[in-house]
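Colleague: I have a structure I would like to understand better, so I am pasting it below and will then ask my questions one at a time.
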Amino acid sequence: MVSKTRIVIAEDQTLVRQGLKSLLAEGDQYEVVGEAEDGLEAIRSVARLKPDLVLLDLAMPKMNGISAIKEIKQQQPETKIVAITFHTSDEYILAAFESGADGYCLKNDTHANLLLALKRVMAGKRYVSPEVSDKMLNGYMAGSRALKSESAWETLTQRELEVLKLVGEGYTSPEIADYLCISPKTVDKHRSNIMRKLDLHSAAALTAYALEKGLIDQRQILK
């Protein structure tokens, strides 16, 4: 008997998560062994469950999908990761693969395309949604690095991006320090560096910028 592919679904929207579970349950090839509602929980679930594959949303609370992919791959390099997102921009596609993603699916792809993505990734191949594959091909033919523009956005470190996301979601410095396991003083230093690099001067401006860049969406901002 062939063993099932063990999957963790990391997606903060319950309906989307349930839909993915229902789709995967239709056959006998996949088994959902864990779920996560944010990036930090995804990392912990993968470390505990050691699944074969992770379906991971790029826009999640607490830690974005790009950061989560990088951390998961560092801890569990054999685990395959398929990013699931609405983002079609070059910077997101490249960032996902550079962080270690094995596949890139859009949330408006068909069920057949998603199942194909899982099949190809588990066979050791890369998969890119048909909607963005031409863009990726053209980009790599021209040199993938040429797709990136030198801007203030590009100067932010991975840690600064994590802090910016959490600031945008409305978390305080002590809360961010707790999430990232760093001191509040270090958080404040990162926040100051972010504001200096982006030439922004308030928490509201940082939130607006994080929204613009897709680090967060409106429903992730704390009331």
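Ordered as shown in the structure tokens, chains take letters A, B, and onward, while each chain numbers its residues from 1 and ligands are numbered from 1 in the order shown.
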Counting only C-alpha atoms, what is within 7 Å of region 1-10 of chain A, bar same-chain residues fewer than 2 positions away, as a list of chain:residue names?
Modeller: A:Asp12, A:Arg17, A:Gln29, A:Tyr30, A:Glu31, A:Val32, A:Val33, A:Gly34, A:Glu35, A:Ala36, A:Glu37, A:Asp38, A:Ala42, A:Pro51, A:Asp52, A:Leu53, A:Val54, A:Leu55, A:Leu56, A:Asp57
Colleague: Identify, on the basis of only C-alpha atoms, every residue whose closest approach to region 64-80 of chain A does not exceed 8 Å; exclude the query and any residue fewer than 5 positions from it along the same chain; express the result as a PyMOL selection string.
Modeller: chain A and resi 38-40+42-43+46-47+50-54+56-59+95-96+99-102+121-122+158+162+165+215
Colleague: Pick from A:Leu164, A:Arg196, A:Asp217, A:Met63: nearest to Phe86 (chain A), with only C-alpha atoms counted?
Modeller: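 That would be A:Asp217, the residue with the smallest distance to Phe86 (chain A).
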Colleague: Give the answer as one residue: which of A:Arg126, A:Lys107, A:Arg159, A:Arg191 has the shortest atom-to-atom distance to Val16 (chain A), using only C-alpha atoms?
Modeller: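 Among the listed residues, the smallest separation from Val16 (chain A) belongs to A:Lys107.
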Colleague: May I ask for the distance between CA of Thr88 (chain A) and CA of Ser133 (chain A), given in Å to one decimal place?
Modeller: 10.0 Å
Colleague: Restricting the calculation to only C-alpha atoms: of A:Glu11, A:Glu169, A:Asp90, A:Glu160, which residue gets closest to Leu198 (chain A)?
Modeller: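 So, comparing all the options, the nearest one is A:Glu160.
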Colleague: Among region 3-201 of chain A, which residues does DSSP mark as alpha helix (DSSP H) when it is run on the backbone? Keep the chain and numbering as in the structure and answer as an MDAnalysis selection string.
Modeller: chainID A and resid 14:25 39:49 65:75 90:99 111:122 130:142 152:155 158:168 173:180 184:198
Colleague: Write a file of the just-selected residues containing C-alpha atoms, as a tab-separated table (two decimals), in the first residue's frame.
Modeller:
```
chain	number	residue	atom	x	y	z
A	14	THR	CA	-11.29	29.16	7.73
A	15	LEU	CA	-13.46	28.72	4.63
A	16	VAL	CA	-10.43	28.48	2.33
A	17	ARG	CA	-8.77	26.01	4.70
A	18	GLN	CA	-11.89	23.86	4.82
A	19	GLY	CA	-12.21	23.99	1.05
A	20	LEU	CA	-8.65	22.75	0.60
A	21	LYS	CA	-9.24	19.95	3.10
A	22	SER	CA	-12.39	18.86	1.27
A	23	LEU	CA	-10.61	18.85	-2.08
A	24	LEU	CA	-7.70	16.79	-0.76
A	25	ALA	CA	-10.06	14.35	0.96
A	39	GLY	CA	3.00	32.07	9.91
A	40	LEU	CA	4.38	31.34	13.37
A	41	GLU	CA	1.90	28.53	13.93
A	42	ALA	CA	2.83	27.12	10.50
A	43	ILE	CA	6.50	26.91	11.49
A	44	ARG	CA	5.66	25.20	14.78
A	45	SER	CA	3.26	22.75	13.12
A	46	VAL	CA	5.83	21.73	10.52
A	47	ALA	CA	8.51	21.27	13.19
A	48	ARG	CA	6.16	19.07	15.22
A	49	LEU	CA	4.47	17.08	12.45
A	65	GLY	CA	4.33	33.56	4.15
A	66	ILE	CA	7.68	34.51	2.63
A	67	SER	CA	9.34	34.56	6.05
A	68	ALA	CA	7.59	31.34	7.04
A	69	ILE	CA	8.79	29.57	3.88
A	70	LYS	CA	12.37	30.55	4.59
A	71	GLU	CA	12.20	29.39	8.20
A	72	ILE	CA	10.49	26.09	7.33
A	73	LYS	CA	13.07	25.30	4.66
A	74	GLN	CA	15.90	26.02	7.09
A	75	GLN	CA	14.41	23.64	9.65
A	90	ASP	CA	7.26	39.74	-9.97
A	91	GLU	CA	8.56	40.59	-6.50
A	92	TYR	CA	6.26	38.09	-4.80
A	93	ILE	CA	6.94	35.30	-7.30
A	94	LEU	CA	10.69	35.72	-7.04
A	95	ALA	CA	10.65	36.17	-3.27
A	96	ALA	CA	8.66	32.97	-2.80
A	97	PHE	CA	11.03	30.85	-4.87
A	98	GLU	CA	14.14	32.49	-3.49
A	99	SER	CA	12.88	31.71	0.02
A	111	HIS	CA	-8.83	22.53	-8.57
A	112	ALA	CA	-7.17	20.57	-11.38
A	113	ASN	CA	-4.26	23.02	-11.45
A	114	LEU	CA	-3.78	22.75	-7.70
A	115	LEU	CA	-3.74	18.96	-7.82
A	116	LEU	CA	-1.28	19.13	-10.70
A	117	ALA	CA	0.90	21.44	-8.63
A	118	LEU	CA	0.98	18.95	-5.76
A	119	LYS	CA	1.77	16.07	-8.10
A	120	ARG	CA	4.64	17.91	-9.81
A	121	VAL	CA	6.13	19.22	-6.58
A	122	MET	CA	6.04	15.82	-4.91
A	130	PRO	CA	-0.26	29.16	-15.70
A	131	GLU	CA	-1.32	32.78	-15.17
A	132	VAL	CA	2.15	33.78	-14.05
A	133	SER	CA	4.34	31.19	-15.81
A	134	ASP	CA	4.91	33.36	-18.88
A	135	LYS	CA	5.94	36.25	-16.65
A	136	MET	CA	8.38	34.01	-14.80
A	137	LEU	CA	9.83	32.61	-18.00
A	138	ASN	CA	10.36	36.02	-19.52
A	139	GLY	CA	11.83	37.29	-16.28
A	140	TYR	CA	14.35	34.51	-15.94
A	141	MET	CA	15.31	34.68	-19.60
A	142	ALA	CA	16.13	38.35	-19.10
A	152	ALA	CA	13.65	51.76	-0.35
A	153	TRP	CA	11.52	48.62	-0.19
A	154	GLU	CA	14.47	46.53	-1.36
A	155	THR	CA	16.71	47.87	1.40
A	158	GLN	CA	13.95	40.16	6.44
A	159	ARG	CA	13.66	41.03	10.13
A	160	GLU	CA	12.58	44.59	9.28
A	161	LEU	CA	9.87	43.20	7.00
A	162	GLU	CA	8.63	41.02	9.85
A	163	VAL	CA	8.55	43.99	12.21
A	164	LEU	CA	6.84	46.18	9.61
A	165	LYS	CA	4.13	43.57	9.11
A	166	LEU	CA	3.45	43.31	12.84
A	167	VAL	CA	3.48	47.08	13.31
A	168	GLY	CA	1.00	47.36	10.46
A	173	SER	CA	6.65	46.67	20.67
A	174	PRO	CA	6.40	44.27	23.65
A	175	GLU	CA	3.99	42.05	21.71
A	176	ILE	CA	6.25	42.06	18.65
A	177	ALA	CA	9.24	41.28	20.87
A	178	ASP	CA	7.36	38.30	22.28
A	179	TYR	CA	6.39	36.99	18.83
A	180	LEU	CA	9.90	37.33	17.41
A	184	PRO	CA	11.43	45.50	22.91
A	185	LYS	CA	14.51	47.71	22.57
A	186	THR	CA	15.56	45.75	19.48
A	187	VAL	CA	12.04	46.09	18.08
A	188	ASP	CA	12.19	49.86	18.55
A	189	LYS	CA	15.55	49.95	16.79
A	190	HIS	CA	14.14	48.02	13.83
A	191	ARG	CA	11.11	50.33	13.74
A	192	SER	CA	13.38	53.39	13.68
A	193	ASN	CA	15.46	51.91	10.87
A	194	ILE	CA	12.32	51.12	8.87
A	195	MET	CA	10.96	54.65	9.26
A	196	ARG	CA	14.32	56.13	8.29
A	197	LYS	CA	14.71	53.95	5.20
A	198	LEU	CA	11.14	54.53	4.03
```
Colleague: In Å, with one decimal, what is the gap from CA of Tyr104 (chain A) to CA of His87 (chain A)?
Modeller: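 Interatomic distance here is 9.9 Å.
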Colleague: I'd like to know which residues of region 82-137 of chain A are strand (DSSP E or B) (by DSSP, run on the backbone); could you write them as a PyMOL selection string?
Modeller: chain A and resi 82-85+103-106+127-128
Colleague: What is the distance, in Å and to one decimal place, between CA of Tyr127 (chain A) and CA of Leu106 (chain A)?
Modeller: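 Computing the Euclidean distance for CA of Tyr127 (chain A) and CA of Leu106 (chain A) yields 11.3 Å.
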